[in-house]
Structure formats: C-alpha cells, structure tokens
file work.txt (compact mmCIF, C-alpha atoms)
# COMPACT_ATOMS: atom_id res chain seq x y z
CA MET A 287 74.03 -107.16 -88.29
CA ILE A 288 72.81 -104.58 -85.79
CA GLU A 289 69.15 -105.07 -84.90
CA PRO A 290 66.66 -102.19 -85.45
CA ARG A 291 65.92 -102.06 -81.73
CA GLU A 292 69.57 -101.26 -81.03
CA TYR A 293 69.47 -98.28 -83.36
CA ALA A 294 66.27 -97.19 -81.58
CA ARG A 295 67.98 -97.52 -78.20
CA ARG A 296 70.89 -95.36 -79.38
CA ARG A 297 68.52 -92.65 -80.59
CA LYS A 298 66.60 -92.63 -77.32
CA GLN A 299 69.80 -92.43 -75.31
CA LEU A 300 71.05 -89.53 -77.40
CA MET A 301 67.76 -87.67 -77.01
CA ARG A 302 67.88 -88.13 -73.23
CA MET A 303 71.38 -86.64 -73.22
CA ALA A 304 70.38 -83.74 -75.50
CA GLY A 305 67.37 -82.82 -73.39
CA SER A 306 63.67 -82.31 -74.05
CA ASP A 307 64.15 -78.77 -75.41
CA ALA A 308 66.72 -79.69 -78.09
CA ILE A 309 66.75 -80.93 -81.66
CA VAL A 310 69.44 -83.18 -83.13
CA ILE A 311 70.14 -82.98 -86.85
CA VAL A 312 72.42 -85.47 -88.64
CA ALA A 313 73.00 -85.56 -92.39
CA ALA A 314 73.90 -88.61 -94.44
CA ALA A 315 77.20 -88.60 -96.28
CA PRO A 316 76.95 -87.09 -99.77
CA GLU A 317 78.03 -89.01 -102.83
CA ARG A 318 81.51 -88.02 -103.98
CA VAL A 319 82.61 -87.66 -107.60
CA ARG A 320 85.86 -89.48 -108.37
CA ASN A 321 86.32 -88.08 -111.85
CA ASN A 322 83.98 -86.81 -114.55
CA ASP A 323 80.69 -88.67 -113.94
CA ALA A 324 82.15 -91.60 -111.97
CA HIS A 325 81.60 -91.71 -108.21
CA TYR A 326 83.63 -93.18 -105.38
CA PRO A 327 82.01 -96.24 -103.77
CA TYR A 328 79.41 -94.89 -101.40
CA ARG A 329 80.09 -95.14 -97.69
CA GLN A 330 77.59 -93.79 -95.17
CA ASP A 331 78.59 -91.20 -92.58
CA SER A 332 79.55 -93.10 -89.42
CA ASP A 333 77.39 -91.05 -87.04
CA PHE A 334 74.38 -91.26 -89.35
CA HIS A 335 74.89 -95.01 -89.67
CA TYR A 336 75.27 -95.38 -85.90
CA LEU A 337 71.85 -93.81 -85.36
CA THR A 338 69.91 -95.23 -88.30
CA GLY A 339 71.58 -98.09 -90.17
CA PHE A 340 70.17 -96.34 -93.25
CA PRO A 341 72.56 -96.90 -96.20
CA GLU A 342 71.45 -94.25 -98.70
CA PRO A 343 72.68 -90.72 -99.51
CA ASP A 344 70.41 -87.66 -99.68
CA ALA A 345 68.96 -88.24 -96.23
CA VAL A 346 68.70 -86.22 -93.02
CA LEU A 347 67.79 -87.47 -89.54
CA ALA A 348 65.99 -85.17 -87.10
CA LEU A 349 65.55 -86.22 -83.47
CA VAL A 350 62.89 -84.10 -81.76
CA PRO A 351 62.47 -85.21 -78.13
CA GLY A 352 58.90 -85.06 -76.89
CA ARG A 353 57.27 -84.40 -80.27
CA ALA A 354 53.82 -85.91 -80.03
CA ALA A 355 53.61 -86.85 -83.71
CA GLY A 356 56.92 -88.77 -83.55
CA GLU A 357 60.38 -88.02 -82.22
CA VAL A 358 62.43 -89.73 -84.95
CA ILE A 359 62.03 -88.25 -88.41
CA LEU A 360 63.93 -89.16 -91.57
CA PHE A 361 64.00 -87.15 -94.74
CA CYS A 362 65.01 -89.40 -97.63
CA ARG A 363 64.61 -90.04 -101.35
CA GLU A 364 61.24 -91.24 -102.58
CA ARG A 365 60.84 -94.43 -104.57
CA ASP A 366 61.53 -93.78 -108.25
CA PRO A 367 61.24 -96.77 -110.62
CA GLU A 368 63.13 -94.97 -113.39
CA ARG A 369 66.13 -94.05 -111.21
CA GLU A 370 66.04 -97.42 -109.44
CA ARG A 371 66.39 -99.09 -112.83
CA TRP A 372 69.78 -97.36 -113.12
CA ASP A 373 71.01 -97.14 -109.52
CA GLY A 374 69.23 -99.90 -107.61
CA PRO A 375 66.33 -99.99 -105.15
CA ARG A 376 65.55 -97.27 -102.62
CA ALA A 377 63.85 -97.64 -99.27
CA GLY A 378 61.61 -94.64 -99.78
CA THR A 379 59.62 -93.02 -96.99
CA GLU A 380 57.60 -96.19 -96.36
CA GLY A 381 60.74 -98.29 -96.05
CA ALA A 382 62.27 -95.74 -93.67
CA VAL A 383 59.39 -96.39 -91.28
CA ASP A 384 58.67 -100.08 -91.90
CA THR A 385 62.24 -101.37 -92.31
CA PHE A 386 64.41 -98.86 -90.45
CA GLY A 387 62.10 -98.04 -87.56
CA MET A 388 61.62 -94.29 -88.01
CA ASP A 389 58.55 -92.71 -86.41
CA ASP A 390 57.91 -90.66 -89.52
CA ALA A 391 59.52 -89.99 -92.89
CA PHE A 392 59.21 -87.27 -95.49
CA PRO A 393 60.61 -86.80 -99.00
CA ILE A 394 64.00 -85.10 -98.94
CA ASP A 395 62.67 -82.57 -101.46
CA ASP A 396 60.26 -81.30 -98.78
CA ILE A 397 62.91 -80.64 -96.13
CA ASP A 398 63.00 -76.87 -96.70
CA ASP A 399 59.28 -76.66 -95.93
CA ILE A 400 59.22 -79.00 -92.93
CA LEU A 401 62.48 -78.80 -90.99
CA PRO A 402 62.21 -75.11 -89.98
CA GLY A 403 58.97 -75.99 -88.24
CA LEU A 404 60.72 -78.74 -86.30
CA ILE A 405 63.50 -76.32 -85.28
CA GLU A 406 61.02 -73.68 -84.07
CA GLY A 407 60.54 -73.76 -80.30
CA ARG A 408 63.73 -75.70 -79.62
CA GLU A 409 66.34 -74.11 -77.35
CA ARG A 410 69.38 -75.92 -78.74
CA VAL A 411 70.45 -77.43 -82.05
CA TYR A 412 72.93 -80.30 -81.91
CA TYR A 413 74.76 -80.62 -85.20
CA HIS A 414 78.19 -81.30 -86.79
CA PHE A 415 79.21 -77.88 -88.04
CA GLY A 416 82.13 -77.85 -90.47
CA ARG A 417 81.71 -81.28 -92.04
CA ASP A 418 79.67 -80.15 -95.04
CA VAL A 419 79.75 -76.43 -95.82
CA ASP A 420 76.76 -76.62 -98.14
CA PHE A 421 74.60 -78.28 -95.49
CA ASP A 422 75.86 -75.81 -92.87
CA LEU A 423 74.50 -72.98 -95.00
CA ARG A 424 71.15 -74.73 -95.43
CA LEU A 425 70.82 -75.20 -91.67
CA ILE A 426 71.62 -71.55 -91.02
CA ALA A 427 68.99 -70.58 -93.60
CA TRP A 428 66.38 -72.73 -91.85
CA VAL A 429 67.17 -71.12 -88.51
CA ASN A 430 67.02 -67.66 -90.09
CA ARG A 431 63.56 -68.45 -91.44
CA VAL A 432 62.44 -69.13 -87.88
CA ARG A 433 64.07 -65.91 -86.67
CA ALA A 434 62.24 -63.96 -89.35
CA GLN A 435 58.96 -65.07 -87.77
CA MET A 436 59.78 -63.88 -84.24
CA ARG A 437 57.28 -61.03 -84.43
CA GLN A 438 54.59 -63.59 -85.12
CA GLY A 439 55.61 -65.49 -81.97
CA ALA A 440 58.14 -67.96 -83.38
CA ARG A 441 60.91 -69.02 -81.00
CA PRO A 442 64.27 -69.69 -82.67
CA PRO A 443 66.99 -71.73 -80.96
CA HIS A 444 69.41 -69.83 -78.74
CA GLU A 445 72.33 -72.21 -78.92
CA PHE A 446 74.20 -74.39 -81.38
CA VAL A 447 76.08 -77.30 -79.81
CA ALA A 448 78.65 -79.63 -81.36
CA LEU A 449 76.95 -83.01 -81.63
CA SER A 450 80.26 -84.79 -81.13
CA HIS A 451 80.25 -83.88 -77.42
CA LEU A 452 77.36 -86.28 -76.88
CA LEU A 453 77.37 -88.75 -79.72
CA HIS A 454 81.04 -89.63 -79.83
CA ASP A 455 81.09 -90.54 -76.16
CA LEU A 456 78.28 -93.01 -76.83
CA ARG A 457 80.21 -94.55 -79.71
CA LEU A 458 83.17 -95.34 -77.45
CA TYR A 459 81.28 -98.16 -75.72
CA LYS A 460 80.63 -101.07 -78.05
CA SER A 461 77.55 -103.22 -77.66
CA ARG A 462 77.53 -106.99 -78.04
CA GLY A 463 76.21 -106.57 -81.58
CA GLU A 464 79.00 -104.16 -82.46
CA LEU A 465 81.64 -106.45 -80.98
CA ARG A 466 80.33 -109.36 -83.05
CA LEU A 467 80.79 -107.31 -86.21
CA MET A 468 84.23 -106.12 -85.13
CA LYS A 469 85.33 -109.69 -84.42
CA LYS A 470 84.12 -110.71 -87.88
CA SER A 471 85.99 -107.79 -89.42
CA ALA A 472 89.16 -108.78 -87.56
CA GLN A 473 88.79 -112.42 -88.62
CA ILE A 474 88.53 -111.40 -92.28
CA ALA A 475 91.56 -109.13 -92.01
CA ALA A 476 93.56 -111.83 -90.22
CA ALA A 477 92.76 -114.32 -92.98
CA ALA A 478 93.94 -111.76 -95.54
CA HIS A 479 97.25 -111.29 -93.73
CA VAL A 480 97.78 -115.06 -93.59
CA ARG A 481 97.13 -115.32 -97.34
CA ALA A 482 99.60 -112.48 -97.96
CA MET A 483 102.30 -114.22 -95.94
CA GLN A 484 101.76 -117.43 -97.85
CA ALA A 485 101.84 -115.70 -101.23
CA THR A 486 104.92 -113.51 -100.76
CA ARG A 487 108.06 -114.37 -102.73
CA PRO A 488 111.18 -112.41 -103.70
CA GLY A 489 110.72 -110.74 -107.07
CA MET A 490 107.01 -110.05 -106.65
CA ASN A 491 105.64 -106.52 -106.61
CA GLU A 492 104.02 -104.96 -103.57
CA HIS A 493 100.78 -104.49 -105.51
CA GLU A 494 100.56 -108.24 -106.13
CA ILE A 495 100.44 -108.77 -102.37
CA GLU A 496 97.87 -105.98 -102.02
CA ALA A 497 95.75 -107.93 -104.50
CA GLU A 498 95.87 -110.98 -102.24
CA LEU A 499 94.52 -108.87 -99.36
CA LEU A 500 91.71 -107.44 -101.47
CA HIS A 501 90.75 -110.91 -102.70
CA VAL A 502 90.06 -112.08 -99.15
CA PHE A 503 88.23 -108.90 -98.19
CA ARG A 504 85.81 -109.07 -101.11
CA LYS A 505 85.38 -112.83 -100.87
CA HIS A 506 83.96 -112.35 -97.38
CA GLY A 507 81.79 -109.33 -98.16
CA ALA A 508 84.19 -106.75 -96.75
CA VAL A 509 86.10 -103.79 -98.17
CA PRO A 510 89.36 -102.21 -97.01
CA SER A 511 88.82 -100.06 -93.93
CA TYR A 512 91.63 -97.82 -95.22
CA GLU A 513 94.10 -97.84 -98.09
CA PRO A 514 96.41 -100.81 -97.38
CA ILE A 515 100.09 -100.22 -96.68
CA VAL A 516 102.29 -102.85 -98.32
CA GLY A 517 105.86 -101.68 -97.82
CA GLY A 518 108.89 -103.81 -98.59
CA GLY A 519 112.36 -103.01 -97.25
CA ALA A 520 112.92 -99.33 -96.51
CA ASN A 521 109.35 -98.56 -97.59
CA GLY A 522 108.31 -100.04 -94.26
CA CYS A 523 109.95 -97.04 -92.60
CA VAL A 524 107.44 -94.70 -94.27
CA LEU A 525 104.58 -94.59 -91.78
CA HIS A 526 101.83 -93.84 -94.30
CA TYR A 527 103.37 -95.48 -97.35
CA ARG A 528 100.70 -96.00 -100.03
CA ALA A 529 102.46 -96.38 -103.38
CA ASN A 530 102.55 -100.20 -103.14
CA ASN A 531 104.45 -100.55 -106.41
CA ALA A 532 108.01 -101.61 -105.55
CA MET A 533 109.76 -104.92 -106.12
CA LEU A 534 110.10 -107.22 -103.11
CA ARG A 535 113.74 -108.15 -102.60
CA ASP A 536 115.27 -111.25 -101.11
CA GLY A 537 116.48 -110.45 -97.59
CA ASP A 538 114.02 -107.58 -96.97
CA LEU A 539 111.09 -107.41 -94.59
CA LEU A 540 107.55 -106.69 -95.77
CA LEU A 541 105.33 -104.52 -93.56
CA ILE A 542 101.60 -104.87 -94.23
CA ASP A 543 99.14 -102.58 -92.46
CA ALA A 544 95.68 -103.56 -93.68
CA GLY A 545 92.22 -103.80 -92.15
CA ALA A 546 88.82 -104.92 -93.33
CA GLU A 547 85.54 -103.06 -92.99
CA TYR A 548 82.55 -105.33 -92.48
CA GLU A 549 79.08 -103.79 -92.29
CA CYS A 550 80.79 -100.44 -91.62
CA TYR A 551 82.91 -101.73 -88.69
CA ALA A 552 86.68 -101.59 -89.05
CA SER A 553 89.63 -103.76 -88.14
CA ASP A 554 93.26 -102.62 -88.20
CA ILE A 555 96.10 -105.15 -88.29
CA THR A 556 99.81 -104.85 -89.03
CA ARG A 557 102.33 -107.63 -89.47
CA THR A 558 105.98 -107.52 -90.58
CA PHE A 559 107.57 -110.63 -92.03
CA PRO A 560 110.57 -111.67 -94.19
CA VAL A 561 110.06 -111.73 -97.95
CA ASN A 562 112.12 -114.95 -98.21
CA GLY A 563 110.52 -116.57 -95.17
CA ARG A 564 113.48 -116.22 -92.77
CA TYR A 565 114.40 -113.31 -90.50
CA SER A 566 118.03 -112.27 -90.47
CA PRO A 567 119.66 -111.99 -87.01
CA GLU A 568 119.40 -108.18 -87.12
CA GLN A 569 115.78 -108.26 -88.27
CA ARG A 570 114.93 -110.79 -85.59
CA ALA A 571 116.61 -108.73 -82.86
CA LEU A 572 114.58 -105.64 -83.70
CA TYR A 573 111.41 -107.65 -84.32
CA ASP A 574 111.54 -109.31 -80.91
CA ILE A 575 111.87 -105.89 -79.24
CA VAL A 576 108.69 -104.70 -80.95
CA LEU A 577 106.85 -107.93 -80.13
CA ASP A 578 107.87 -107.75 -76.46
CA ALA A 579 106.73 -104.12 -76.41
CA GLN A 580 103.37 -105.04 -77.89
CA ARG A 581 102.81 -107.83 -75.38
CA ALA A 582 103.66 -105.50 -72.50
CA ALA A 583 101.29 -102.87 -73.92
CA ILE A 584 98.41 -105.30 -74.43
CA ASP A 585 98.72 -106.32 -70.78
CA GLU A 586 97.91 -102.70 -69.85
CA VAL A 587 94.67 -102.60 -71.86
CA ARG A 588 92.52 -103.16 -68.80
CA ALA A 589 89.56 -101.48 -67.18
CA GLY A 590 90.70 -98.85 -64.72
CA ARG A 591 94.01 -98.09 -66.45
CA PRO A 592 94.53 -94.69 -68.10
CA PHE A 593 94.61 -94.68 -71.90
CA ASP A 594 98.29 -93.72 -72.05
CA ALA A 595 99.44 -96.58 -69.78
CA TYR A 596 99.87 -99.02 -72.65
CA HIS A 597 101.89 -96.52 -74.68
CA ASP A 598 104.19 -95.96 -71.70
CA ALA A 599 104.64 -99.72 -71.30
CA ALA A 600 105.60 -100.12 -74.96
CA VAL A 601 108.04 -97.20 -74.86
CA ARG A 602 109.82 -98.61 -71.82
CA VAL A 603 110.36 -102.01 -73.48
CA ILE A 604 111.46 -100.45 -76.77
CA THR A 605 113.92 -98.09 -75.07
CA ARG A 606 115.42 -100.89 -73.00
CA GLY A 607 115.82 -103.03 -76.13
CA LEU A 608 117.46 -100.24 -78.10
CA ILE A 609 119.95 -99.66 -75.29
CA LYS A 610 120.75 -103.37 -75.23
CA LEU A 611 121.43 -103.36 -78.99
CA GLY A 612 123.58 -100.24 -78.71
CA LEU A 613 121.27 -98.01 -80.76
CA LEU A 614 120.75 -95.84 -77.69
CA SER A 615 123.25 -95.22 -74.90
CA GLY A 616 122.98 -94.20 -71.29
CA PRO A 617 120.62 -95.11 -68.44
CA LEU A 618 117.06 -96.24 -69.20
CA GLU A 619 115.33 -93.52 -67.18
CA LYS A 620 117.41 -90.76 -68.76
CA ASN A 621 116.53 -92.00 -72.25
CA LEU A 622 112.86 -92.14 -71.29
CA ARG A 623 112.89 -88.59 -69.89
CA GLU A 624 114.57 -87.27 -73.03
CA HIS A 625 112.31 -89.29 -75.37
CA ALA A 626 115.41 -90.63 -77.11
CA TYR A 627 113.36 -93.48 -78.58
CA ARG A 628 111.56 -91.01 -80.86
CA ALA A 629 114.41 -91.20 -83.34
CA PHE A 630 113.19 -94.74 -84.09
CA TYR A 631 109.61 -94.81 -82.74
CA MET A 632 107.74 -91.59 -83.44
CA HIS A 633 104.04 -92.39 -83.08
CA LYS A 634 101.64 -93.35 -80.32
CA THR A 635 100.91 -96.99 -79.55
CA GLY A 636 97.24 -97.02 -80.49
CA HIS A 637 93.86 -95.40 -80.99
CA TRP A 638 90.15 -96.07 -80.63
CA LEU A 639 88.62 -98.47 -83.15
CA GLY A 640 85.03 -98.94 -84.29
CA LEU A 641 82.96 -97.53 -87.14
CA ASP A 642 86.03 -95.51 -88.05
CA VAL A 643 89.60 -96.80 -88.05
CA HIS A 644 90.56 -93.81 -85.92
CA ASP A 645 87.28 -93.97 -84.10
CA ALA A 646 85.32 -91.22 -82.41
CA GLY A 647 85.88 -90.33 -78.76
CA ASP A 648 88.04 -88.05 -76.66
CA TYR A 649 91.33 -89.38 -75.33
CA ARG A 650 91.40 -86.87 -72.49
CA VAL A 651 88.73 -85.76 -70.03
CA ASP A 652 89.33 -82.53 -68.12
CA GLY A 653 92.94 -82.57 -69.30
CA GLU A 654 93.71 -86.09 -68.08
CA TYR A 655 93.87 -89.27 -70.12
CA ARG A 656 90.55 -91.03 -69.76
CA VAL A 657 90.34 -94.33 -67.95
CA LEU A 658 89.69 -97.46 -70.01
CA GLU A 659 86.31 -99.11 -69.46
CA PRO A 660 84.73 -102.38 -70.61
CA GLY A 661 83.39 -102.17 -74.15
CA MET A 662 86.07 -99.84 -75.46
CA VAL A 663 88.22 -101.15 -78.33
CA VAL A 664 91.75 -99.99 -79.10
CA THR A 665 94.59 -100.84 -81.42
CA VAL A 666 98.01 -101.71 -79.99
CA GLU A 667 100.73 -100.98 -82.55
CA PRO A 668 104.31 -100.33 -81.43
CA GLY A 669 107.02 -100.15 -84.06
CA LEU A 670 110.65 -99.44 -84.89
CA TYR A 671 111.76 -97.58 -88.00
CA ILE A 672 115.49 -97.37 -88.74
CA ALA A 673 115.80 -95.00 -91.67
CA PRO A 674 118.15 -96.01 -94.51
CA ASP A 675 120.24 -92.89 -93.82
CA ALA A 676 120.10 -93.06 -90.02
CA LYS A 677 123.27 -91.56 -88.60
CA GLY A 678 125.23 -93.34 -85.88
CA VAL A 679 123.45 -96.64 -86.56
CA PRO A 680 125.29 -99.75 -87.76
CA ALA A 681 124.58 -100.41 -91.44
CA LYS A 682 123.10 -103.83 -90.66
CA TYR A 683 120.08 -102.19 -88.98
CA ARG A 684 119.41 -99.44 -91.51
CA GLY A 685 116.34 -99.60 -93.71
CA ILE A 686 114.44 -101.91 -91.37
CA GLY A 687 110.84 -100.94 -90.56
CA ILE A 688 108.75 -103.06 -88.19
CA ARG A 689 105.25 -102.61 -86.79
CA ILE A 690 103.00 -105.15 -85.07
CA GLU A 691 99.36 -104.20 -84.54
CA ASP A 692 96.34 -105.92 -83.04
CA ASP A 693 92.78 -104.99 -82.10
CA VAL A 694 92.03 -105.33 -78.38
CA VAL A 695 88.74 -105.15 -76.46
CA VAL A 696 88.68 -103.81 -72.92
CA THR A 697 86.78 -106.31 -70.75
CA ASP A 698 86.06 -106.83 -67.06
CA GLY A 699 89.14 -109.07 -66.93
CA GLU A 700 91.92 -109.98 -69.34
CA PRO A 701 92.39 -108.00 -72.56
CA LEU A 702 90.63 -109.68 -75.49
CA VAL A 703 92.69 -109.71 -78.71
CA ILE A 704 90.21 -110.17 -81.56
CA SER A 705 92.83 -110.13 -84.34
CA ASP A 706 94.82 -113.14 -83.16
CA GLY A 707 93.94 -115.22 -86.23
CA VAL A 708 97.26 -114.26 -87.83
CA PRO A 709 100.57 -115.27 -86.20
CA LYS A 710 103.00 -112.68 -84.88
CA ASP A 711 105.63 -114.77 -83.10
CA ALA A 712 108.65 -114.87 -85.43
CA ASP A 713 109.01 -118.67 -85.24
CA GLU A 714 105.32 -119.11 -86.05
CA ILE A 715 105.53 -116.77 -89.02
CA GLU A 716 108.55 -118.62 -90.40
CA ALA A 717 106.79 -121.95 -89.92
CA LEU A 718 103.67 -120.69 -91.73
CA MET A 719 105.69 -119.37 -94.65
CA ALA A 720 107.74 -122.57 -94.86
CA THR A 721 104.61 -124.69 -95.42
CA VAL A 722 104.00 -123.15 -98.87
CA ARG A 723 107.57 -122.94 -100.15
call {"tool": "encode", "arguments": {"input": "work.txt", "output": "structure tokens"}}
result
Amino acid sequence: MIEPREYARRRKQLMRMAGSDAIVIVAAAPERVRNNDAHYPYRQDSDFHYLTGFPEPDAVLALVPGRAAGEVILFCRERDPERERWDGPRAGTEGAVDTFGMDDAFPIDDIDDILPGLIEGRERVYYHFGRDVDFDLRLIAWVNRVRAQMRQGARPPHEFVALSHLLHDLRLYKSRGELRLMKKSAQIAAAAHVRAMQATRPGMNEHEIEAELLHVFRKHGAVPSYEPIVGGGANGCVLHYRANNAMLRDGDLLLIDAGAEYECYASDITRTFPVNGRYSPEQRALYDIVLDAQRAAIDEVRAGRPFDAYHDAAVRVITRGLIKLGLLSGPLEKNLREHAYRAFYMHKTGHWLGLDVHDAGDYRVDGEYRVLEPGMVVTVEPGLYIAPDAKGVPAKYRGIGIRIEDDVVVTDGEPLVISDGVPKDADEIEALMATVR
C-alpha cells in the first residue's frame, strides 16, 4: 500500500506548483446507480485517490497553500451508526485526520458554509471542470457568493485553471510504492492469463474463459481494470470486442486482453494463443511478426527516447513482415510513407499506465512527442487484424486477429517488463498448453 507520508508529499508538491495564492479543489467520485436502487461497485476518482488514499464517496479535498489553520482540508461524511449498519464503517472527520493525515476535516453537509470562505482571497482555482456538471454548478455558486461580498471587501478568484495541467504531469512519474503495486497488479493479471491458457479447450464458450480470469483476480484481492476482451477466431479482429459469448472453435486463435486492478493500480496484458494448443503455419507466421515487432518496440522504451519511437519500431517490423508474406507489396520505405500497414494494424503501440488503464499525462509537449523518463510506465501492444472479408488477402490468413501486450517501466537502463509472468513465445505457449491436455 501507499504510505500516508507519500500522499502528504504529493499534496505538498502540488501546492508548490499551484502557488501560494491558489486553491485546489478535488471531488471524490460519486456513487453510480446501475439500475433501480442497485449501485455499481464503487471506485474512487483516480486524482482524488492519488492525493488522499481516501476510499469513500461524498468527499471533497481542498488544498489551501499557506493557510495558518491547516493547508489540507477534507470534507467527508460523518460517522453514522445507523447507516454504517447497512453500508459499512466510515472514517468520519476524526478518521480523516488521524488515519488519512488531513490537517483538518469538516462534515460534508457543512461545505456550503465553509468552502466559500476558503476560496475568498485566492487568485486562482484549480479544478477539473466538466467531469461532474452538478459539482461544477456548486463551485460556481460558491465563487458567486464570494463575488456578492466584494463591496464588503471580499476578493474573489480571478482565474480558473484546469487541474490536469499540474496534477497529471505528477502522475506520470511513478514512485517506488506505486511501482510495487503495479508489479503486483501485473503478476495477478499474468497468473490469470496462464490459467486461461491452461483452461481453454475447443467447444468452450468465451465467457467460461472470462470466468477463469475473474477467479484469479478476486482470489488475489483484485478486480478487472477494464472489461476483459475474450475474442475467439474473427472476434479477435474486433479491437474493443466485449460480448464474450461465442463458442471457441478448434483451429481458431483466442485473443485475451485483460488486466487486473490492485489497490487502484492497473495492469494491461494481451496474449493470443491457439484454442487447440497448436498454432497453424499461417497463424504462426503472423504471430511471429507481431512478437518480433513487440520485442523491437520494447527495446525503444528507454529514457531519452521520444514516446513515438517504440511505435515506429513496431510499424517497421510489421510492415517488413507483411511484405515478406505477400500481404503488402512494394518497397519497405514506400509502404511506411503511405501507412499501408494500417489496413491490418490500425492503432498505436501503447499508452501510459498507472491508476488508470489509459493513464493521465500528455503525450506531446509543445507539439513534440515527450521524451521518456525513468519512472514512466507504458504498455507495448502491437497487433495484426486480418478481417474475415479482407480483399486481396489469401483465405488462409483471413479472420486472424493477434495482439501481444506487456507493461513496461522506463528505467535508467534496460526496459523493465513487469508482466513477463505469462509466456508469449509461441513454443512456450504451446508447451504450457500441452502440459494440461
């Protein structure tokens, strides 16, 4: 887990960046109704979690640099034995201070009376406008209350600033504590993928394999970091396939894109393997292209390289392989210039990873791809998708979808693959599947 002092360090760093004349306001995620009176499982807002570790809804964090009575203030639910009998224990205002390290805490029901006074005299308000319309309106009302008192000497803020400009840059650089949690998340996801490989047989349904993944996640105290993709055969060509309800056929590949979330930190792994345990020659030919592309891309995940370098490396290997198989024709450089590979590989090779699967942080700075630095974590996920109705493609390749994805930490030296607990070499996958057949 992340230690309280790390949350405190993050808050202090953010306040230094915001400046002594600013206020930072971050709201917890609201509870969401699934249907009627049933709620979705609660998941805290990632930015709120990053700054507090506080797991409850109905809470608001205010950072007020330089405030003599305390810079870190949390508004949260009070203890309520009757509600806690139904919904479980609450931290309350005392727990917010004693357990979560806030300087001060007030009941959330008092926020309308207290927060305008904290806003008064501040030049800038840092906040995430547009995430929650209802809370946006409340914040505007608080500011308007301050403006209404200008004749009595009140000083309203002059500027509203998107909090993401500061906070999301901080989140790009993972601490040792964060990396420990991300490694654990990746280990759980890798174990789930191994179990799925061992369980898969022709005639099973995709949802049966999804169940194997979920079993491992929950056994280790994790939840899915996104809705798993379990796509057999041509379903593997659907990039965001989510139905997971088709029969697995002998001779098809199964693409599984599934990650675990452990203590709010995500992993993101994809493997593609044969339902019957053996790749056909055509499947193996395409698979090895994707694997070679991924290895070339991972080698570019190094400090000092631009973010897009590993995508370019993957594209070059994929294009060369497609030319060799006859799925593309003409010189390599011409195909690269014309992006001919996009008929079969239409997405980027990766993204930031952290508290969110597609984690916070800009990919470009001043119009240029940002340079990778130690502590950043990315996914590396090249693929090939030969649609069942692809024109000009030999029938033996049609309906094959392949993606291979790993989670990689940028270090001072070699790239660190934290999701390597599940095999990806074709021979190793076949050997693993053969041991349980």
call {"tool": "atom_distance", "arguments": {"input": "work.txt", "atom1": "atom CA of A:Phe630", "atom2": "atom CA of A:Ile609"}}
result
12.1 Å
call {"tool": "residues_around", "arguments": {"input": "work.txt", "residues": "A:Arg417", "least_positions_apart": "6", "cutoff": "12 Å", "atoms": "only C-alpha atoms", "output": "ChimeraX atom specification"}}
result
/A:312-316,331,333,423,448-450
call {"tool": "closest_atom_pairs", "arguments": {"input": "work.txt", "of": "stretch 504-591 of chain A", "to": "stretch 595-598 of chain A", "cutoff": "8 Å", "atoms": "only C-alpha atoms", "output": "JSON lines"}}
result
{"residue": "A:Ala582", "atom": "CA", "partner": "A:Tyr596", "partner_atom": "CA", "distance": 7.5}
{"residue": "A:Ala583", "atom": "CA", "partner": "A:Tyr596", "partner_atom": "CA", "distance": 4.3}
{"residue": "A:Ile584", "atom": "CA", "partner": "A:Tyr596", "partner_atom": "CA", "distance": 6.7}
{"residue": "A:Asp585", "atom": "CA", "partner": "A:Tyr596", "partner_atom": "CA", "distance": 7.6}
{"residue": "A:Glu586", "atom": "CA", "partner": "A:Tyr596", "partner_atom": "CA", "distance": 5.0}
{"residue": "A:Val587", "atom": "CA", "partner": "A:Tyr596", "partner_atom": "CA", "distance": 6.4}
{"residue": "A:Arg591", "atom": "CA", "partner": "A:Ala595", "partner_atom": "CA", "distance": 6.5}
call {"tool": "residues_around", "arguments": {"input": "work.txt", "residues": "A:Pro709", "least_positions_apart": "2", "cutoff": "9 Å", "atoms": "only C-alpha atoms", "output": "list of chain:residue names"}}
result
A:Ala476, A:Val480, A:Arg557, A:Asp706, A:Gly707, A:Asp711, A:Ala712, A:Glu714, A:Ile715, A:Leu718
call {"tool": "closest_atom_pairs", "arguments": {"input": "work.txt", "of": "stretch 622-668 of chain A", "to": "stretch 525-546 of chain A", "cutoff": "10 Å", "atoms": "all atoms listed in the file", "output": "CSV"}}
result
residue,atom,partner,partner_atom,distance
A:Met632,CA,A:Leu525,CA,9.4
A:His633,CA,A:Leu525,CA,9.0
A:Val643,CA,A:Gly545,CA,8.5
call {"tool": "residues_around", "arguments": {"input": "work.txt", "residues": "A:Gly387", "least_positions_apart": "6", "cutoff": "12 Å", "atoms": "all atoms listed in the file", "output": "PyMOL selection string"}}
result
chain A and resi 289-295+297+337-340+356-360+377+379-381
call {"tool": "residues_near_point", "arguments": {"input": "work.txt", "point": "(115.2, -118.0, -89.3)", "cutoff": "10 Å", "atoms": "all atoms listed in the file", "output": "list in words"}}
result
Pro560, Asn562, Gly563, Arg564, Tyr565, Ser566, Pro567, Gln569, Arg570, Ala712, Asp713, Ile715, Glu716 and Ala717 of chain A
call {"tool": "atom_distance", "arguments": {"input": "work.txt", "atom1": "atom CA of A:His414", "atom2": "atom CA of A:Ala552"}}
result
22.1 Å
